[in-house]
>>> print(open('run.cif').read())   # mmCIF, C-alpha atoms
data_upload
#
loop_
_atom_site.label_atom_id
_atom_site.label_comp_id
_atom_site.auth_asym_id
_atom_site.auth_seq_id
_atom_site.Cartn_x
_atom_site.Cartn_y
_atom_site.Cartn_z
CA MET A 28 -197.09 159.34 -32.49
CA ALA A 29 -200.40 160.55 -31.02
CA ASN A 30 -200.59 163.55 -33.35
CA SER A 31 -199.56 161.30 -36.25
CA ARG A 32 -202.57 159.08 -35.61
CA TYR A 33 -204.81 162.14 -35.55
CA ILE A 34 -203.47 163.32 -38.93
CA ALA A 35 -204.02 159.83 -40.38
CA TYR A 36 -207.56 159.83 -38.96
CA LYS A 37 -208.43 163.23 -40.49
CA ALA A 38 -207.02 162.16 -43.86
CA LEU A 39 -209.05 158.93 -43.79
CA MET A 40 -212.17 160.85 -42.88
CA ARG A 41 -211.59 163.11 -45.90
CA ILE A 42 -211.60 159.98 -48.09
CA GLU A 43 -214.84 158.77 -46.47
CA LYS A 44 -216.62 162.11 -46.85
CA ASP A 45 -215.35 163.38 -50.19
CA LYS A 46 -214.37 160.14 -51.96
CA ALA A 47 -211.09 161.93 -52.71
CA TYR A 48 -207.99 160.36 -54.25
CA SER A 49 -205.70 158.87 -51.63
CA ASN A 50 -202.35 160.16 -52.93
CA ILE A 51 -203.59 163.75 -53.27
CA THR A 52 -205.31 163.69 -49.88
CA LEU A 53 -202.30 162.35 -48.01
CA ASP A 54 -199.89 164.79 -49.69
CA GLU A 55 -202.14 167.68 -48.64
CA PHE A 56 -202.28 166.59 -44.99
CA LEU A 57 -198.55 165.91 -44.79
CA SER A 58 -197.74 169.32 -46.28
CA GLU A 59 -200.24 171.19 -44.10
CA ASN A 60 -198.88 169.64 -40.89
CA ASN A 61 -195.19 169.82 -41.82
CA VAL A 62 -194.37 166.40 -40.31
CA ASP A 63 -190.85 164.96 -40.13
CA SER A 64 -189.74 161.85 -42.05
CA ARG A 65 -190.38 159.42 -39.16
CA ASP A 66 -193.92 160.64 -38.56
CA ARG A 67 -194.53 160.85 -42.30
CA ALA A 68 -193.68 157.15 -42.67
CA PHE A 69 -195.94 156.19 -39.74
CA ILE A 70 -198.88 158.24 -41.04
CA SER A 71 -198.47 156.86 -44.56
CA THR A 72 -198.35 153.28 -43.28
CA ILE A 73 -201.58 153.62 -41.30
CA PHE A 74 -203.35 155.69 -43.98
CA TYR A 75 -202.63 153.36 -46.89
CA GLY A 76 -202.86 150.28 -44.72
CA VAL A 77 -206.41 151.08 -43.64
CA LEU A 78 -207.46 151.85 -47.21
CA GLU A 79 -205.89 148.67 -48.54
CA ARG A 80 -207.21 146.44 -45.76
CA LYS A 81 -210.67 147.95 -45.25
CA ILE A 82 -212.58 144.75 -46.11
CA SER A 83 -210.28 142.66 -43.89
CA LEU A 84 -210.48 145.18 -41.04
CA ASP A 85 -214.27 145.40 -41.17
CA TYR A 86 -214.47 141.60 -41.14
CA ILE A 87 -212.26 141.44 -38.04
CA ILE A 88 -214.27 144.17 -36.31
CA SER A 89 -217.53 142.36 -37.08
CA LYS A 90 -216.17 139.22 -35.38
CA PHE A 91 -215.40 141.04 -32.13
CA SER A 92 -218.13 143.71 -32.01
CA SER A 93 -221.49 143.39 -30.28
CA ILE A 94 -222.86 146.07 -32.63
CA ARG A 95 -223.48 145.35 -36.31
CA LEU A 96 -221.02 147.04 -38.61
CA LYS A 97 -223.70 149.11 -40.37
CA LYS A 98 -224.79 150.54 -37.01
CA ILE A 99 -221.33 151.87 -36.12
CA ASP A 100 -220.90 155.58 -36.91
CA ILE A 101 -218.27 156.25 -39.58
CA PRO A 102 -215.88 158.27 -37.32
CA VAL A 103 -215.92 155.44 -34.76
CA LEU A 104 -215.46 152.84 -37.48
CA VAL A 105 -212.45 154.71 -38.92
CA ILE A 106 -210.84 154.86 -35.46
CA LEU A 107 -211.46 151.14 -35.01
CA ARG A 108 -209.99 150.35 -38.42
CA MET A 109 -206.85 152.32 -37.60
CA ALA A 110 -206.38 150.54 -34.28
CA VAL A 111 -207.15 147.08 -35.64
CA TYR A 112 -204.67 147.64 -38.46
CA GLN A 113 -202.01 148.41 -35.88
CA LEU A 114 -202.94 145.39 -33.74
CA VAL A 115 -203.07 142.87 -36.59
CA PHE A 116 -200.76 144.13 -39.33
CA MET A 117 -198.10 146.29 -37.60
CA ASP A 118 -195.66 144.25 -35.53
CA LYS A 119 -193.78 147.15 -33.97
CA VAL A 120 -196.76 148.95 -32.41
CA PRO A 121 -197.41 147.90 -28.76
CA ASP A 122 -200.97 146.74 -28.14
CA ASN A 123 -201.52 149.20 -25.31
CA ALA A 124 -200.42 152.12 -27.50
CA ALA A 125 -202.83 151.15 -30.29
CA VAL A 126 -205.76 150.72 -27.86
CA ASN A 127 -205.11 153.75 -25.66
CA GLU A 128 -204.55 156.12 -28.57
CA ALA A 129 -207.78 154.93 -30.22
CA VAL A 130 -209.70 155.73 -27.02
CA SER A 131 -207.96 159.12 -26.84
CA LEU A 132 -208.94 159.80 -30.45
CA CYS A 133 -212.58 159.14 -29.56
CA LYS A 134 -212.39 161.67 -26.75
CA LYS A 135 -210.57 164.21 -28.90
CA GLU A 136 -213.39 163.94 -31.46
CA LYS A 137 -215.98 164.19 -28.65
CA LEU A 138 -217.13 160.61 -29.23
CA TYR A 139 -217.31 160.03 -25.50
CA LYS A 140 -220.13 157.46 -25.58
CA SER A 141 -218.19 155.37 -28.08
CA SER A 142 -214.86 155.32 -26.24
CA GLY A 143 -215.89 152.43 -24.00
CA PHE A 144 -217.16 150.44 -26.98
CA VAL A 145 -213.92 151.01 -28.88
CA ASN A 146 -211.89 150.00 -25.84
CA GLY A 147 -213.94 146.82 -25.41
CA VAL A 148 -213.64 145.70 -29.04
CA LEU A 149 -209.91 146.32 -29.13
CA ARG A 150 -209.24 144.62 -25.78
CA SER A 151 -211.14 141.56 -27.04
CA ILE A 152 -208.90 141.43 -30.10
CA THR A 153 -205.72 141.70 -28.01
CA ARG A 154 -206.85 138.71 -25.91
CA ALA A 155 -207.84 136.57 -28.90
CA GLU A 156 -205.69 133.60 -29.84
CA ASN A 157 -206.37 134.35 -33.54
CA ARG A 158 -206.77 138.04 -34.25
CA PHE A 159 -207.56 137.51 -37.94
CA PRO A 160 -210.02 134.59 -38.24
CA LEU A 161 -210.43 133.90 -41.96
CA PRO A 162 -213.62 132.45 -43.50
CA ASP A 163 -213.88 128.89 -44.81
CA PRO A 164 -211.40 128.49 -47.72
CA LYS A 165 -213.89 126.28 -49.55
CA ASP A 166 -215.60 129.49 -50.64
CA LYS A 167 -212.54 130.60 -52.60
CA THR A 168 -213.82 133.99 -53.71
CA LYS A 169 -214.94 135.08 -50.25
CA TYR A 170 -211.76 133.68 -48.70
CA LEU A 171 -209.55 135.69 -51.07
CA SER A 172 -211.75 138.76 -50.60
CA ILE A 173 -211.29 138.77 -46.81
CA LYS A 174 -207.64 137.67 -46.83
CA TYR A 175 -206.51 140.28 -49.36
CA SER A 176 -209.23 142.89 -48.82
CA CYS A 177 -210.61 143.06 -52.33
CA PRO A 178 -214.27 143.05 -53.45
CA GLU A 179 -215.56 139.72 -54.67
CA ASN A 180 -216.64 141.11 -58.05
CA ILE A 181 -213.05 142.08 -58.91
CA ILE A 182 -211.71 138.71 -57.79
CA SER A 183 -214.33 136.90 -59.88
CA LEU A 184 -213.38 139.02 -62.89
CA TRP A 185 -209.67 138.14 -62.52
CA VAL A 186 -210.37 134.45 -61.93
CA ASN A 187 -212.56 134.31 -65.05
CA ASP A 188 -210.13 136.34 -67.19
CA TYR A 189 -206.84 134.80 -66.07
CA SER A 190 -207.07 131.99 -63.47
CA TYR A 191 -207.42 131.49 -59.73
CA GLU A 192 -203.63 131.31 -59.31
CA ILE A 193 -202.95 134.49 -61.27
CA ALA A 194 -205.77 136.28 -59.43
CA GLU A 195 -204.19 135.41 -56.07
CA ASP A 196 -200.76 136.51 -57.31
CA ILE A 197 -202.24 139.88 -58.32
CA LEU A 198 -203.81 140.22 -54.88
CA LYS A 199 -200.54 139.40 -53.12
CA SER A 200 -198.82 142.12 -55.13
CA ALA A 201 -201.56 144.67 -54.38
CA THR A 202 -200.71 144.95 -50.68
CA GLY A 203 -198.00 147.20 -49.26
CA ARG A 204 -196.30 150.24 -50.71
CA PRO A 205 -195.40 149.87 -54.38
CA PRO A 206 -191.95 150.62 -55.81
CA ILE A 207 -191.17 154.14 -57.01
CA TYR A 208 -189.91 154.29 -60.58
CA ILE A 209 -188.52 157.37 -62.27
CA ARG A 210 -187.60 158.16 -65.86
CA VAL A 211 -184.25 159.85 -66.48
CA ASN A 212 -184.48 163.11 -68.43
CA THR A 213 -182.06 162.19 -71.21
CA LEU A 214 -182.02 165.79 -72.43
CA LYS A 215 -180.15 166.77 -69.25
CA THR A 216 -178.41 163.70 -67.83
CA ASN A 217 -178.07 159.92 -68.02
CA SER A 218 -178.79 157.01 -65.68
CA ASP A 219 -175.27 156.71 -64.23
CA GLU A 220 -174.98 160.43 -63.53
CA LEU A 221 -178.43 160.62 -61.95
CA ILE A 222 -177.73 157.64 -59.69
CA LYS A 223 -174.65 159.49 -58.37
CA ILE A 224 -176.55 162.76 -57.94
CA LEU A 225 -179.32 161.00 -55.99
CA ALA A 226 -176.75 159.17 -53.86
CA ASP A 227 -175.31 162.56 -52.82
CA ASP A 228 -178.81 163.29 -51.44
CA ASN A 229 -178.85 159.93 -49.61
CA ILE A 230 -181.37 158.46 -52.06
CA SER A 231 -180.69 154.98 -53.33
CA ALA A 232 -181.37 154.48 -57.05
CA SER A 233 -180.84 151.42 -59.20
CA LYS A 234 -181.23 150.50 -62.86
CA THR A 235 -184.07 148.30 -64.07
CA TYR A 236 -184.57 146.10 -67.14
CA VAL A 237 -186.01 149.13 -68.96
CA GLU A 238 -183.53 151.64 -70.38
CA ASN A 239 -183.49 154.97 -68.50
CA ALA A 240 -185.93 153.65 -65.87
CA LEU A 241 -184.61 153.76 -62.29
CA GLU A 242 -186.12 152.50 -59.06
CA ILE A 243 -185.57 154.74 -56.05
CA LYS A 244 -185.91 154.10 -52.32
CA PHE A 245 -187.46 157.18 -50.78
CA SER A 246 -190.19 157.77 -48.18
CA GLY A 247 -190.63 161.51 -48.53
CA SER A 248 -192.17 163.71 -51.20
CA VAL A 249 -190.38 163.33 -54.53
CA ALA A 250 -191.23 166.96 -55.31
CA ASP A 251 -188.79 167.98 -52.54
CA ILE A 252 -185.79 166.26 -54.18
CA ASP A 253 -183.37 168.81 -55.63
CA SER A 254 -182.71 166.85 -58.84
CA TYR A 255 -186.48 166.61 -59.40
CA LYS A 256 -186.81 170.38 -59.07
CA LYS A 257 -184.00 170.75 -61.60
CA GLY A 258 -185.92 168.57 -64.05
CA LEU A 259 -183.49 165.66 -64.16
CA PHE A 260 -186.31 163.11 -63.96
CA HIS A 261 -190.02 162.58 -63.62
CA VAL A 262 -191.97 159.90 -61.78
CA GLN A 263 -193.35 157.22 -64.11
CA ASP A 264 -194.17 153.61 -63.42
CA ILE A 265 -192.13 151.08 -65.34
CA SER A 266 -195.28 149.86 -67.13
CA SER A 267 -195.87 153.29 -68.60
CA GLN A 268 -192.22 153.49 -69.65
CA ILE A 269 -192.54 150.11 -71.36
CA CYS A 270 -195.56 151.47 -73.24
CA CYS A 271 -193.43 154.38 -74.50
CA SER A 272 -190.72 151.96 -75.62
CA ILE A 273 -193.25 149.87 -77.52
CA ALA A 274 -194.41 153.02 -79.34
CA ASN A 275 -190.88 153.09 -80.85
CA VAL A 276 -190.85 156.84 -81.43
CA LYS A 277 -187.92 158.04 -83.57
CA ASP A 278 -186.39 161.49 -83.60
CA GLY A 279 -188.30 163.81 -85.89
CA PHE A 280 -191.62 162.00 -85.42
CA ILE A 281 -194.91 163.76 -84.94
CA VAL A 282 -196.74 162.14 -82.02
CA SER A 283 -200.26 162.67 -80.69
CA ASP A 284 -200.99 161.62 -77.10
CA VAL A 285 -204.77 161.91 -77.06
CA CYS A 286 -205.41 161.21 -73.35
CA SER A 287 -202.15 162.55 -72.00
CA ALA A 288 -202.73 163.69 -68.39
CA PRO A 289 -200.97 163.63 -66.03
CA GLY A 290 -198.30 163.64 -68.73
CA GLY A 291 -195.71 161.00 -67.88
CA LYS A 292 -195.81 159.37 -71.31
CA THR A 293 -195.84 162.76 -73.02
CA LEU A 294 -192.61 163.76 -71.25
CA THR A 295 -190.89 160.49 -72.12
CA LEU A 296 -192.01 160.51 -75.76
CA ALA A 297 -190.88 164.13 -76.15
CA GLN A 298 -187.36 163.14 -75.09
CA ASN A 299 -187.38 160.38 -77.72
CA THR A 300 -188.06 162.88 -80.49
CA PRO A 301 -186.29 166.13 -79.52
CA ASN A 302 -186.57 167.38 -83.11
CA GLY A 303 -190.15 166.24 -83.50
CA LYS A 304 -193.44 167.40 -82.05
CA ILE A 305 -195.65 165.97 -79.29
CA PHE A 306 -199.27 167.04 -79.31
CA ALA A 307 -200.75 166.37 -75.87
CA TYR A 308 -204.46 166.53 -75.16
CA ASP A 309 -206.81 166.21 -72.24
CA ILE A 310 -210.40 167.17 -71.54
CA TYR A 311 -209.55 169.32 -68.49
CA GLU A 312 -207.72 172.65 -68.58
CA HIS A 313 -206.03 172.20 -65.17
CA LYS A 314 -204.49 168.92 -66.33
CA ILE A 315 -203.15 170.58 -69.46
CA ASN A 316 -201.57 173.23 -67.24
CA LEU A 317 -199.95 170.45 -65.20
CA ILE A 318 -198.38 169.00 -68.36
CA LYS A 319 -197.09 172.42 -69.42
CA SER A 320 -195.61 172.99 -65.97
CA SER A 321 -193.85 169.60 -66.01
CA ALA A 322 -192.45 170.26 -69.49
CA SER A 323 -191.12 173.63 -68.35
CA ARG A 324 -189.45 172.09 -65.27
CA MET A 325 -187.72 169.51 -67.44
CA GLY A 326 -186.63 171.92 -70.15
CA ILE A 327 -188.75 170.27 -72.84
CA ASN A 328 -189.95 172.66 -75.54
CA ASN A 329 -191.52 170.40 -78.19
CA ILE A 330 -194.77 169.61 -76.35
CA TYR A 331 -197.92 171.34 -77.56
CA ALA A 332 -200.65 170.76 -74.99
CA SER A 333 -204.28 171.77 -75.37
CA VAL A 334 -207.81 170.87 -74.34
CA ARG A 335 -209.57 168.28 -76.50
CA ASN A 336 -212.18 165.55 -76.13
CA ALA A 337 -210.61 162.35 -77.48
CA GLY A 338 -213.99 160.78 -78.14
CA SER A 339 -215.25 163.64 -80.29
CA SER A 340 -215.03 163.77 -84.08
CA GLU A 341 -215.27 167.56 -84.12
CA SER A 342 -211.62 168.31 -83.29
CA PRO A 343 -209.24 166.91 -85.94
CA LEU A 344 -205.66 166.04 -85.06
CA GLU A 345 -202.36 166.59 -86.82
CA MET A 346 -201.59 163.54 -88.97
CA SER A 347 -199.07 161.66 -86.84
CA ASP A 348 -196.36 159.02 -87.08
CA VAL A 349 -197.54 157.65 -83.74
CA VAL A 350 -200.89 158.10 -81.99
CA LEU A 351 -201.07 157.00 -78.37
CA CYS A 352 -204.46 156.23 -76.81
CA ASP A 353 -203.97 155.68 -73.09
CA VAL A 354 -207.71 155.61 -72.50
CA PRO A 355 -209.72 156.22 -69.31
CA CYS A 356 -210.22 152.85 -67.64
CA SER A 357 -211.31 151.08 -64.46
CA GLY A 358 -207.78 151.37 -63.04
CA LEU A 359 -207.68 147.86 -61.61
CA GLY A 360 -203.98 147.64 -62.39
CA VAL A 361 -203.04 150.46 -60.00
CA ILE A 362 -204.95 149.51 -56.85
CA ARG A 363 -201.68 149.16 -54.95
CA ARG A 364 -201.05 152.87 -55.63
CA LYS A 365 -204.66 154.03 -55.26
CA PRO A 366 -206.28 151.44 -52.96
CA GLU A 367 -209.63 153.26 -52.94
CA ILE A 368 -210.14 152.23 -56.59
CA ARG A 369 -210.96 148.68 -55.52
CA TYR A 370 -214.08 150.00 -53.77
CA LYS A 371 -215.28 152.07 -56.76
CA SER A 372 -215.57 149.35 -59.37
CA ASP A 373 -219.28 148.47 -59.12
CA ASP A 374 -220.17 149.49 -62.66
CA ILE A 375 -217.45 149.43 -65.30
CA SER A 376 -219.53 147.77 -68.00
CA GLY A 377 -219.84 150.95 -70.09
CA LEU A 378 -216.11 151.63 -70.31
CA PRO A 379 -215.14 149.32 -73.21
CA GLU A 380 -217.54 151.06 -75.57
CA ILE A 381 -216.13 154.49 -74.67
CA GLN A 382 -212.57 153.23 -75.03
CA LEU A 383 -213.17 151.68 -78.43
CA LYS A 384 -214.77 154.91 -79.64
CA ILE A 385 -211.68 156.89 -78.59
CA LEU A 386 -209.40 154.37 -80.28
CA GLU A 387 -211.32 154.42 -83.57
CA GLN A 388 -211.60 158.21 -83.64
CA SER A 389 -207.87 158.57 -82.98
CA ALA A 390 -206.91 155.98 -85.61
CA LYS A 391 -208.06 158.36 -88.35
CA TYR A 392 -205.00 160.54 -87.73
CA VAL A 393 -202.29 157.88 -88.10
CA LYS A 394 -200.12 158.36 -91.20
CA LEU A 395 -199.75 155.54 -93.69
CA GLY A 396 -197.11 153.26 -92.19
CA GLY A 397 -197.56 154.95 -88.81
CA PHE A 398 -198.35 153.28 -85.51
CA LEU A 399 -201.33 153.29 -83.18
CA VAL A 400 -200.81 152.40 -79.51
CA TYR A 401 -203.73 151.43 -77.28
CA SER A 402 -203.10 151.19 -73.53
CA THR A 403 -204.86 151.01 -70.17
CA CYS A 404 -203.77 150.74 -66.55
CA THR A 405 -206.29 148.01 -65.82
CA LEU A 406 -206.50 144.22 -65.72
CA ASN A 407 -209.77 143.40 -67.45
CA LYS A 408 -209.93 141.59 -70.79
CA LYS A 409 -213.08 143.41 -71.88
CA GLU A 410 -211.25 146.73 -71.68
CA ASN A 411 -208.00 145.29 -73.00
CA ASN A 412 -207.70 142.28 -75.32
CA ASP A 413 -211.35 142.30 -76.41
CA ASN A 414 -211.18 145.94 -77.49
CA ALA A 415 -207.93 145.33 -79.39
CA GLU A 416 -209.57 142.46 -81.27
CA LYS A 417 -212.72 144.47 -82.03
CA PHE A 418 -210.61 147.30 -83.41
CA LEU A 419 -208.91 145.01 -85.94
CA ILE A 420 -212.22 143.52 -87.01
CA ASN A 421 -213.68 146.99 -87.62
CA ASN A 422 -210.59 148.60 -89.16
CA LYS A 423 -209.09 146.63 -92.04
CA ASP A 424 -206.66 149.47 -92.81
CA PHE A 425 -204.64 148.45 -89.74
CA GLU A 426 -202.72 145.31 -88.96
CA PRO A 427 -201.36 143.95 -85.67
CA VAL A 428 -197.68 144.44 -84.85
CA GLU A 429 -195.95 141.88 -82.65
CA ILE A 430 -194.69 143.16 -79.30
CA LYS A 431 -191.39 141.66 -78.18
CA PHE A 432 -190.35 143.30 -74.95
CA CYS A 433 -190.62 141.40 -71.67
CA SER A 434 -191.89 138.28 -69.92
CA ARG A 435 -195.52 137.34 -70.44
CA THR A 436 -197.88 135.90 -67.84
CA ILE A 437 -200.77 134.88 -70.10
CA ASN A 438 -201.25 133.62 -73.63
CA GLU A 439 -202.53 136.44 -75.83
CA LYS A 440 -202.26 137.76 -79.37
CA PRO A 441 -198.66 138.77 -80.29
CA ASN A 442 -199.64 142.44 -80.69
CA CYS A 443 -201.01 142.52 -77.13
CA LEU A 444 -199.05 142.64 -73.89
CA THR A 445 -200.56 142.46 -70.42
CA LEU A 446 -198.15 143.45 -67.67
CA PHE A 447 -198.63 141.99 -64.19
CA PRO A 448 -197.00 143.20 -60.96
CA GLN A 449 -195.96 139.68 -59.93
CA THR A 450 -194.20 139.04 -63.26
CA ASN A 451 -192.97 142.43 -64.45
CA GLY A 452 -192.58 144.36 -61.18
CA SER A 453 -194.91 146.96 -62.65
CA ASP A 454 -198.44 148.16 -62.25
CA GLY A 455 -201.08 146.07 -63.97
CA PHE A 456 -201.08 147.44 -67.52
CA PHE A 457 -202.07 146.60 -71.07
CA VAL A 458 -200.60 147.65 -74.44
CA ALA A 459 -201.70 146.79 -77.98
CA LEU A 460 -199.81 147.89 -81.12
CA PHE A 461 -201.20 148.43 -84.63
CA GLN A 462 -199.82 149.81 -87.91
CA ARG A 463 -201.72 151.58 -90.70
CA ILE A 464 -201.29 149.65 -93.95
CA SER A 465 -203.74 151.52 -96.22
CA VAL A 466 -205.79 154.70 -96.42
#
>>> encode(input="run.cif", output="structure tokens")
Amino acid sequence: MANSRYIAYKALMRIEKDKAYSNITLDEFLSENNVDSRDRAFISTIFYGVLERKISLDYIISKFSSIRLKKIDIPVLVILRMAVYQLVFMDKVPDNAAVNEAVSLCKKEKLYKSSGFVNGVLRSITRAENRFPLPDPKDKTKYLSIKYSCPENIISLWVNDYSYEIAEDILKSATGRPPIYIRVNTLKTNSDELIKILADDNISASKTYVENALEIKFSGSVADIDSYKKGLFHVQDISSQICCSIANVKDGFIVSDVCSAPGGKTLTLAQNTPNGKIFAYDIYEHKINLIKSSASRMGINNIYASVRNAGSSESPLEMSDVVLCDVPCSGLGVIRRKPEIRYKSDDISGLPEIQLKILEQSAKYVKLGGFLVYSTCTLNKKENNDNAEKFLINNKDFEPVEIKFCSRTINEKPNCLTLFPQTNGSDGFFVALFQRISV
């Protein structure tokens, strides 16, 4: 496992230096080093564990270190985080292995002067009666922040928007590896057939409460699965699939997905209207190419993808039966998939204005009687419910449409649905549905 720890270390250092996305970074390192399934699982556990638990880990280190956290060099701090994660949160790793390999990592990286310090901190933790001393629970926000490793500003936002209890439930659900959901390509197969095909490859798949949505148990790269290569499915969280169901696209519809990348909703919607058209847009050319590549793999030929700025009034759209606005957001609903997001949320105050602008620009291209879908992958009422309400106030030619789909966690307007991981087994997600009633 020594080399596995080194790969995890290098991947974590890439995140520290380049502020890169965790899933992309880890996939690159796993592919470059051609690791087997056992090592892949170990690397992934440490990599995501350190990212998820960074606040907790730094708090523990600060309690056992004679040097202030800010004075510890980043490479040394990353090595300490990895070792402390193993000592505190991984039951099957022997203490001596975690400590000795951390010291070896220091030497391998020529951090000779720091090896003794690292050894001392880690040995102190192994001797401690309580390896994870939490702060006073009377300070609820700080207590939750350290216990679940989430910045206090996010916790305060959730407590204010939802409640203390719901905030803690979100935090509990944000730790550990999330479920993997896939969407069956109904143009090529069905759920029962795909479950059998995956079973032949020793991959367990089961149905969910959403039609054509399966959950799979798999620790490797989905891109290596034969049925994926053949285009029998694509990866899509159940929340995103629910959003597509709410859009209620019928065969023959014209649909515009104005912020479509990476394209999961586009692929699903295209299957719902095989004789219709899906216009998919994104601001970046490479993301449009990704959508085209996915459509080709899945044998979908009714997607028309091109570059477009959804917030601009200079590029008109095709008048559509359904317009989907899955707007750029703070991403607080997907921190269990991209744990680094929780540390990048200092200033999200400008997002609601941008989102509302995209929604109002896109609404112009909904046919009379057509539907407008607004969605985000965040849990923040200013980006979600507040924007939906502002839209209706500003646009009297639309009316709210009640969403009846799955269990609700909070009281909200009938045309709004906030999905929570603890209730719906999904990412945190928001959908609002409107219909054009006049022109």
>>> closest_residue(input="run.cif", among="A:Ser389, A:Ala129, A:Arg363, A:Asn442", to="Ser200 in chain A", atoms="all atoms listed in the file")
A:Arg363
>>> resolve_selection(input="run.cif", expression="the PyMOL selection byres ((chain A and resi 397) around 6)", output="MDAnalysis selection string")
chainID A and resid 348:349 393:396 398 462:463
>>> resolve_selection(input="run.cif", expression="the PyMOL selection byres ((chain A and resi 80-90) around 8)", output="ChimeraX atom specification")
/A:76-79,91-96,107-108,111-112,148,158-160,172-178
>>> atom_distance(input="run.cif", atom1="CA of Val400 in chain A", atom2="CA of Leu419 in chain A")
12.7 Å
>>> atom_distance(input="run.cif", atom1="CA of Asn275 in chain A", atom2="CA of Ser347 in chain A")
13.3 Å
>>> atom_distance(input="run.cif", atom1="CA of Leu161 in chain A", atom2="CA of Gly203 in chain A")
19.6 Å
>>> closest_residue(input="run.cif", among="A:Ser465, A:Asn438, A:Thr450, A:Ser49", to="Tyr189 in chain A", atoms="only C-alpha atoms")
A:Asn438
>>> closest_residue(input="run.cif", among="A:Asn451, A:Ser131, A:Ser254, A:Ser333", to="Tyr311 in chain A", atoms="only C-alpha atoms")
A:Ser333
>>> resolve_selection(input="run.cif", expression="the PyMOL selection byres ((chain A and resi 305) around 10)", output="NGL selection string")
:A and (280-284 or 293-294 or 296-298 or 300-304 or 306-308 or 328-332 or 347 or 349-350)
>>> closest_residue(input="run.cif", among="A:Cys271, A:Leu225, A:Leu39, A:Ile437", to="Ile193 in chain A", atoms="all atoms listed in the file")
A:Ile437
>>> closest_residue(input="run.cif", among="A:Ala232, A:Asp100, A:Ser248, A:Lys314", to="Glu55 in chain A", atoms="all atoms listed in the file")
A:Ser248
>>> closest_residue(input="run.cif", among="A:Ile273, A:Glu195, A:Met346, A:Ile381", to="Lys431 in chain A", atoms="all atoms listed in the file")
A:Ile273
>>> residues_around(input="run.cif", residues="Leu444 in chain A", least_positions_apart="3", cutoff="10 Å", atoms="all atoms listed in the file", output="list of chain:residue names")
A:Cys270, A:Ile273, A:Ser402, A:Asn411, A:Asn412, A:Glu429, A:Ile430, A:Lys431, A:Phe432, A:Cys433, A:Ser434, A:Arg435, A:Thr436, A:Ile437, A:Asn438, A:Glu439, A:Lys440, A:Pro441, A:Phe447, A:Phe456, A:Phe457, A:Val458, A:Ala459, A:Leu460
>>> residues_near_point(input="run.cif", point="(-195.4, 151.0, -55.5)", cutoff="12 Å", atoms="all atoms listed in the file", output="PyMOL selection string")
chain A and resi 50+75+200-209+242-246+262-266+360-366+448+452-455
>>> residues_around(input="run.cif", residues="range 102-105 of chain A", least_positions_apart="5", cutoff="8 Å", atoms="all atoms listed in the file", output="list in words")
Tyr36, Leu39, Met40, Cys133, Leu138, Ser141 and Val145 of chain A
>>> residues_around(input="run.cif", residues="Asn407 in chain A", least_positions_apart="6", cutoff="9 Å", atoms="all atoms listed in the file", output="PyMOL selection string")
chain A and resi 184-185+188+357+359-360
>>> residues_near_point(input="run.cif", point="(-203.3, 158.7, -43.8)", cutoff="6 Å", atoms="all atoms listed in the file", output="number ranges by chain")
A: 35, 38-39, 53, 70-71, 73-74
>>> decode(input="run.cif", residues="range 29-38 of chain A", atoms="N, CA and C atoms", output="mmCIF file, in the first residue's frame")
data_model
loop_
_atom_site.group_PDB
_atom_site.id
_atom_site.type_symbol
_atom_site.label_atom_id
_atom_site.label_comp_id
_atom_site.auth_asym_id
_atom_site.auth_seq_id
_atom_site.Cartn_x
_atom_site.Cartn_y
_atom_site.Cartn_z
ATOM 1 N N ALA A 29 2.196 1.098 0.136
ATOM 2 C CA ALA A 29 3.070 2.275 0.218
ATOM 3 C C ALA A 29 2.950 3.141 -1.027
ATOM 4 N N ASN A 30 2.997 2.488 -2.213
ATOM 5 C CA ASN A 30 2.876 3.251 -3.450
ATOM 6 C C ASN A 30 1.492 3.874 -3.579
ATOM 7 N N SER A 31 0.475 3.188 -3.041
ATOM 8 C CA SER A 31 -0.889 3.723 -3.077
ATOM 9 C C SER A 31 -0.967 5.027 -2.294
ATOM 10 N N ARG A 32 -0.320 5.066 -1.150
ATOM 11 C CA ARG A 32 -0.309 6.294 -0.352
ATOM 12 C C ARG A 32 0.398 7.419 -1.104
ATOM 13 N N TYR A 33 1.454 7.067 -1.821
ATOM 14 C CA TYR A 33 2.184 8.088 -2.583
ATOM 15 C C TYR A 33 1.313 8.657 -3.698
ATOM 16 N N ILE A 34 0.552 7.800 -4.377
ATOM 17 C CA ILE A 34 -0.355 8.265 -5.442
ATOM 18 C C ILE A 34 -1.422 9.172 -4.849
ATOM 19 N N ALA A 35 -1.987 8.769 -3.707
ATOM 20 C CA ALA A 35 -2.996 9.604 -3.035
ATOM 21 C C ALA A 35 -2.404 10.957 -2.653
ATOM 22 N N TYR A 36 -1.164 10.928 -2.151
ATOM 23 C CA TYR A 36 -0.481 12.178 -1.769
ATOM 24 C C TYR A 36 -0.311 13.099 -2.971
ATOM 25 N N LYS A 37 0.174 12.572 -4.086
ATOM 26 C CA LYS A 37 0.409 13.404 -5.280
ATOM 27 C C LYS A 37 -0.909 13.974 -5.807
ATOM 28 N N ALA A 38 -1.970 13.176 -5.748
ATOM 29 C CA ALA A 38 -3.280 13.663 -6.206
ATOM 30 C C ALA A 38 -3.789 14.782 -5.294
#
